[in-house]
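Reviewing the structure listed below.
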Amino acid sequence: MRDREKLATLSAGGARERPIAVESSAVIEGRVRAMPCVQCEGAYRVGEHRSEGPGLRAVDAKCDRCGAPRTLWFRIVENEPN
Ligand SMILES: [Zn+2]
């Protein structure tokens with residue numbers, strides 16, 4: 001179980017230093033739901049979005065099946081119009 005937690009932290013979005021790049025905050029929930037729980041491969045329920053800096057969002061998710069919590073990190077990369 002500990003090893004799985006460690007792997008989850010090392011994967012994309014698992015830590016502040018490794019945010020997943022998205023084009024807008026609107027797609028964040030879909031990205032979280034598409035990830036399987038690291039413990040049981042169940043689906044996550046998306047909780048609160050937190051702003052952790054310019055363009056940086058942390059999302060608290062919780063597995064619907066086993067209840068394991070997970071925080072996922074995203075960086076919003078805006079496509080600037082010319
Ligand atoms: Zn689970």
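The chains in the structure tokens are called A, B, ... from first to last as shown; in each chain the residues are counted from 1, and the ligands are counted from 1 in the order shown.
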- request: List all protein, DNA and RNA residues that have at least one atom no more than 8 Å from any atom of ligand 1, counting only C-alpha atoms and all ligand atoms, and write them as number ranges by chain.
  value: A: 36-44, 62-68
Go ahead and save the residues from that selection, with N, CA and C atoms, as a compact mmCIF listing (two decimals), in the first residue's frame.
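Output (out-v7.txt):
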```txt
# COMPACT_ATOMS: atom_id res chain seq x y z
N PRO A 36 -7.74 6.19 -12.37
CA PRO A 36 -8.18 5.17 -11.42
C PRO A 36 -7.55 5.38 -10.05
N CYS A 37 -8.26 4.96 -9.02
CA CYS A 37 -7.73 5.02 -7.67
C CYS A 37 -6.45 4.19 -7.59
N VAL A 38 -5.45 4.72 -6.91
CA VAL A 38 -4.18 3.98 -6.81
C VAL A 38 -4.31 2.74 -5.93
N GLN A 39 -5.30 2.72 -5.08
CA GLN A 39 -5.46 1.56 -4.18
C GLN A 39 -6.31 0.46 -4.80
N CYS A 40 -7.45 0.84 -5.38
CA CYS A 40 -8.40 -0.20 -5.82
C CYS A 40 -8.84 -0.02 -7.27
N GLU A 41 -8.33 0.99 -7.93
CA GLU A 41 -8.67 1.29 -9.32
C GLU A 41 -10.12 1.71 -9.50
N GLY A 42 -10.75 2.13 -8.42
CA GLY A 42 -12.09 2.67 -8.50
C GLY A 42 -12.04 4.10 -9.04
N ALA A 43 -13.21 4.73 -9.14
CA ALA A 43 -13.27 6.10 -9.67
C ALA A 43 -13.20 7.11 -8.55
N TYR A 44 -12.60 8.26 -8.83
CA TYR A 44 -12.52 9.31 -7.83
C TYR A 44 -13.74 10.21 -7.88
N LYS A 62 -11.44 11.90 -3.73
CA LYS A 62 -11.59 10.77 -2.83
C LYS A 62 -12.19 9.62 -3.61
N CYS A 63 -11.64 8.43 -3.41
CA CYS A 63 -12.14 7.27 -4.14
C CYS A 63 -13.56 6.95 -3.71
N ASP A 64 -14.43 6.73 -4.69
CA ASP A 64 -15.81 6.41 -4.41
C ASP A 64 -15.96 5.00 -3.84
N ARG A 65 -14.99 4.15 -4.16
CA ARG A 65 -15.10 2.75 -3.74
C ARG A 65 -14.45 2.48 -2.38
N CYS A 66 -13.17 2.87 -2.24
CA CYS A 66 -12.47 2.53 -1.00
C CYS A 66 -12.25 3.74 -0.09
N GLY A 67 -12.56 4.92 -0.60
CA GLY A 67 -12.45 6.11 0.24
C GLY A 67 -11.06 6.69 0.36
N ALA A 68 -10.10 6.16 -0.39
CA ALA A 68 -8.73 6.67 -0.29
C ALA A 68 -8.67 8.09 -0.84
```
- request: Would you please extract all strand (DSSP E) residues from chain A, as assigned by DSSP on the backbone, and give them as a list of chain:residue names?
  value: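 Result set for chain A (strand (DSSP E)): A:Ile20, A:Ala21, A:Val22, A:Tyr44, A:Arg45, A:Val46, A:Gly47, A:Glu48, A:His49, A:Arg50, A:Ser51, A:Glu52, A:Gly53, A:Leu56, A:Arg57, A:Ala58, A:Val59, A:Asp60, A:Ala61, A:Lys62, A:Cys63, A:Pro69, A:Arg70, A:Thr71, A:Leu72, A:Trp73, A:Phe74, A:Arg75, A:Ile76.
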Based on the selection just made, write C-alpha atoms of those residues as a PDB file, in the first residue's frame.
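So selection04.pdb came out as:
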```pdb
ATOM      1  CA  ILE A  20      -0.645  18.073 -15.075  1.00  0.00           C
ATOM      2  CA  ALA A  21      -0.894  20.804 -17.713  1.00  0.00           C
ATOM      3  CA  VAL A  22      -4.452  21.623 -18.783  1.00  0.00           C
ATOM      4  CA  TYR A  44     -12.521   9.311  -7.833  1.00  0.00           C
ATOM      5  CA  ARG A  45     -15.103  11.712  -6.577  1.00  0.00           C
ATOM      6  CA  VAL A  46     -13.859  15.242  -7.136  1.00  0.00           C
ATOM      7  CA  GLY A  47     -13.825  17.496  -4.104  1.00  0.00           C
ATOM      8  CA  GLU A  48     -12.579  21.010  -3.679  1.00  0.00           C
ATOM      9  CA  HIS A  49     -10.376  22.926  -6.061  1.00  0.00           C
ATOM     10  CA  ARG A  50      -7.797  25.062  -4.349  1.00  0.00           C
ATOM     11  CA  SER A  51      -5.800  27.837  -5.911  1.00  0.00           C
ATOM     12  CA  GLU A  52      -2.184  27.321  -4.914  1.00  0.00           C
ATOM     13  CA  GLY A  53      -0.621  30.100  -6.924  1.00  0.00           C
ATOM     14  CA  LEU A  56      -1.721  26.271 -10.067  1.00  0.00           C
ATOM     15  CA  ARG A  57      -4.667  24.245  -8.764  1.00  0.00           C
ATOM     16  CA  ALA A  58      -4.808  21.470  -6.229  1.00  0.00           C
ATOM     17  CA  VAL A  59      -7.845  19.226  -6.282  1.00  0.00           C
ATOM     18  CA  ASP A  60      -8.845  17.045  -3.362  1.00  0.00           C
ATOM     19  CA  ALA A  61     -10.318  13.815  -4.629  1.00  0.00           C
ATOM     20  CA  LYS A  62     -11.590  10.769  -2.828  1.00  0.00           C
ATOM     21  CA  CYS A  63     -12.141   7.273  -4.145  1.00  0.00           C
ATOM     22  CA  PRO A  69      -7.975  10.383  -0.516  1.00  0.00           C
ATOM     23  CA  ARG A  70      -5.716  11.837  -3.149  1.00  0.00           C
ATOM     24  CA  THR A  71      -4.613  15.348  -4.019  1.00  0.00           C
ATOM     25  CA  LEU A  72      -3.980  16.069  -7.673  1.00  0.00           C
ATOM     26  CA  TRP A  73      -2.091  19.037  -9.036  1.00  0.00           C
ATOM     27  CA  PHE A  74      -2.809  20.944 -12.226  1.00  0.00           C
ATOM     28  CA  ARG A  75      -1.233  23.842 -13.993  1.00  0.00           C
ATOM     29  CA  ILE A  76      -3.472  25.900 -16.230  1.00  0.00           C
TER      30      ILE A  76
END
```
Atom-to-atom span, atom CA of A:Val27 and atom CA of A:Arg4, Å: 25.7 Å
message: Using Å and a single decimal, report how far atom CA of A:Thr9 sits from atom CA of A:Asn79.
response: 27.8 Å
- request: Find, counting only C-alpha atoms, the residue in A:Arg2, A:Ala12, A:Leu7, A:Gly55 that gets nearest to A:Ser25.
  value: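 Among A:Arg2, A:Ala12, A:Leu7, A:Gly55, it is A:Gly55 that comes nearest to A:Ser25.
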Point-to-point distance from atom CA of A:Ser11 to atom CA of A:Pro54, Å rounded to tenths: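 About the pair atom CA of A:Ser11 and atom CA of A:Pro54: they are 21.9 Å apart.
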